[in-house]
Amino acid sequence: MADRMYTARPALLLTIGASPSEPGSKLLQLVVPSTCPAVKIIEVGCEPFGILSTAEKARIRLVRLTAAATGTDLTPMMHDSEANIPAKTTAKHTLSAGTFTDVVWETMIHLQSGQPYRLDHLGIYVPSGGIIALCVINGATASTCLPRISWRE
């Protein structure tokens, strides 16, 4: 694995509707092509925006997909390099469809605050030809957020 780190996040805030069912609102997706070695997930985040009158909590999670979801393409940003080398992994946001298989990681967040979650110590890899998505399951209240995934390839 090379030592290049990338982050994918949309340029605009995403609206999360009420999504109490599994697997939740799919916010970001990474697809590792079959010609690329496995990539390691370094960090995820979902920074909520706006003020809610309720103390609504949500679950943020990484899930594996067996089929890619449709969505809007993102251009991943490369960190710490003089030469901007394009990522081999593709990223999309505002996803629909996709086939959910299992939850890789999950935690609770509050919809009035957000923080990055370092995951590199967990050794979460997306294999060659694999797909992973960042999802949020929230209660009855819709909200807006800025999700992101950082990885090393």
# chains A, B, ... in the order shown; residues from 1 in each chain; ligands from 1
call {"tool": "select_by_dssp", "arguments": {"residues": "range 72-145 of chain A", "states": "strand (DSSP E or B)", "output": "VMD selection string"}}
result
chain A and resid 72 to 74 77 to 79 90 to 96 99 to 110 116 to 118 125 to 126 131 to 138 143 to 145
call {"tool": "residues_around", "arguments": {"residues": "range 115-119 of chain A", "least_positions_apart": "4", "cutoff": "8 Å", "atoms": "only C-alpha atoms", "output": "ChimeraX atom specification"}}
result
/A:41-47,123-124
call {"tool": "write_last_selection", "arguments": {"atoms": "N, CA, C and O atoms", "output": "PDB file, in the first residue's frame"}}
result
ATOM      1  N   ILE A  41      -9.302   2.634   5.818  1.00  0.00           N
ATOM      2  CA  ILE A  41     -10.094   3.768   6.298  1.00  0.00           C
ATOM      3  C   ILE A  41      -9.350   4.399   7.477  1.00  0.00           C
ATOM      4  O   ILE A  41      -8.993   3.709   8.438  1.00  0.00           O
ATOM      5  N   ILE A  42      -9.124   5.711   7.394  1.00  0.00           N
ATOM      6  CA  ILE A  42      -8.381   6.425   8.430  1.00  0.00           C
ATOM      7  C   ILE A  42      -9.315   7.171   9.375  1.00  0.00           C
ATOM      8  O   ILE A  42      -9.156   7.136  10.589  1.00  0.00           O
ATOM      9  N   GLU A  43     -10.320   7.860   8.798  1.00  0.00           N
ATOM     10  CA  GLU A  43     -11.174   8.706   9.618  1.00  0.00           C
ATOM     11  C   GLU A  43     -12.523   8.897   8.931  1.00  0.00           C
ATOM     12  O   GLU A  43     -12.599   8.921   7.709  1.00  0.00           O
ATOM     13  N   VAL A  44     -13.581   9.016   9.710  1.00  0.00           N
ATOM     14  CA  VAL A  44     -14.898   9.372   9.191  1.00  0.00           C
ATOM     15  C   VAL A  44     -15.435  10.518  10.042  1.00  0.00           C
ATOM     16  O   VAL A  44     -15.003  10.723  11.179  1.00  0.00           O
ATOM     17  N   GLY A  45     -16.378  11.250   9.492  1.00  0.00           N
ATOM     18  CA  GLY A  45     -16.997  12.331  10.244  1.00  0.00           C
ATOM     19  C   GLY A  45     -18.348  12.671   9.660  1.00  0.00           C
ATOM     20  O   GLY A  45     -18.618  12.408   8.489  1.00  0.00           O
ATOM     21  N   CYS A  46     -19.177  13.260  10.476  1.00  0.00           N
ATOM     22  CA  CYS A  46     -20.488  13.728  10.045  1.00  0.00           C
ATOM     23  C   CYS A  46     -20.812  14.933  10.909  1.00  0.00           C
ATOM     24  O   CYS A  46     -21.315  14.797  12.015  1.00  0.00           O
ATOM     25  N   GLU A  47     -20.437  16.115  10.422  1.00  0.00           N
ATOM     26  CA  GLU A  47     -20.647  17.325  11.196  1.00  0.00           C
ATOM     27  C   GLU A  47     -22.032  17.887  10.913  1.00  0.00           C
ATOM     28  O   GLU A  47     -22.282  18.384   9.820  1.00  0.00           O
ATOM     29  N   GLY A 123      -8.021  -1.007  11.861  1.00  0.00           N
ATOM     30  CA  GLY A 123      -7.633  -1.833  10.712  1.00  0.00           C
ATOM     31  C   GLY A 123      -8.795  -2.147   9.783  1.00  0.00           C
ATOM     32  O   GLY A 123      -8.947  -3.285   9.351  1.00  0.00           O
ATOM     33  N   ILE A 124      -9.628  -1.139   9.478  1.00  0.00           N
ATOM     34  CA  ILE A 124     -10.747  -1.343   8.556  1.00  0.00           C
ATOM     35  C   ILE A 124     -10.240  -1.141   7.133  1.00  0.00           C
ATOM     36  O   ILE A 124      -9.857  -0.037   6.751  1.00  0.00           O
TER      37      ILE A 124
END
call {"tool": "closest_residue", "arguments": {"among": "A:Ser96, A:Ser25, A:Ser150, A:Thr7", "to": "Asn138 in chain A", "atoms": "only C-alpha atoms"}}
result
A:Ser25
call {"tool": "closest_residue", "arguments": {"among": "A:Arg148, A:Ser34, A:Ile137, A:Met5", "to": "Glu106 in chain A", "atoms": "only C-alpha atoms"}}
result
A:Ile137
call {"tool": "atom_distance", "arguments": {"atom1": "CA of Thr70 in chain A", "atom2": "CA of Thr107 in chain A"}}
result
25.2 Å
call {"tool": "residues_around", "arguments": {"residues": "Leu13 in chain A", "least_positions_apart": "3", "cutoff": "8 Å", "atoms": "only C-alpha atoms", "output": "ChimeraX atom specification"}}
result
/A:10,144-146
call {"tool": "residues_around", "arguments": {"residues": "Ala8 in chain A", "least_positions_apart": "5", "cutoff": "8 Å", "atoms": "only C-alpha atoms", "output": "ChimeraX atom specification"}}
result
/A:74-77,91,148-150
call {"tool": "closest_residue", "arguments": {"among": "A:Arg4, A:Lys92, A:Arg152, A:Arg61", "to": "Ile109 in chain A", "atoms": "only C-alpha atoms"}}
result
A:Arg61
call {"tool": "atom_distance", "arguments": {"atom1": "CA of Leu134 in chain A", "atom2": "CA of Ala68 in chain A"}}
result
12.7 Å
call {"tool": "atom_distance", "arguments": {"atom1": "CA of Leu28 in chain A", "atom2": "CA of Ala58 in chain A"}}
result
16.3 Å
call {"tool": "residues_around", "arguments": {"residues": "Cys135 in chain A", "least_positions_apart": "2", "cutoff": "7 Å", "atoms": "only C-alpha atoms", "output": "list of chain:residue names"}}
result
A:Pro23, A:Gly24, A:Ser25, A:Lys26, A:Leu27, A:Ile60, A:Arg61, A:Leu62, A:Ala133, A:Ile137
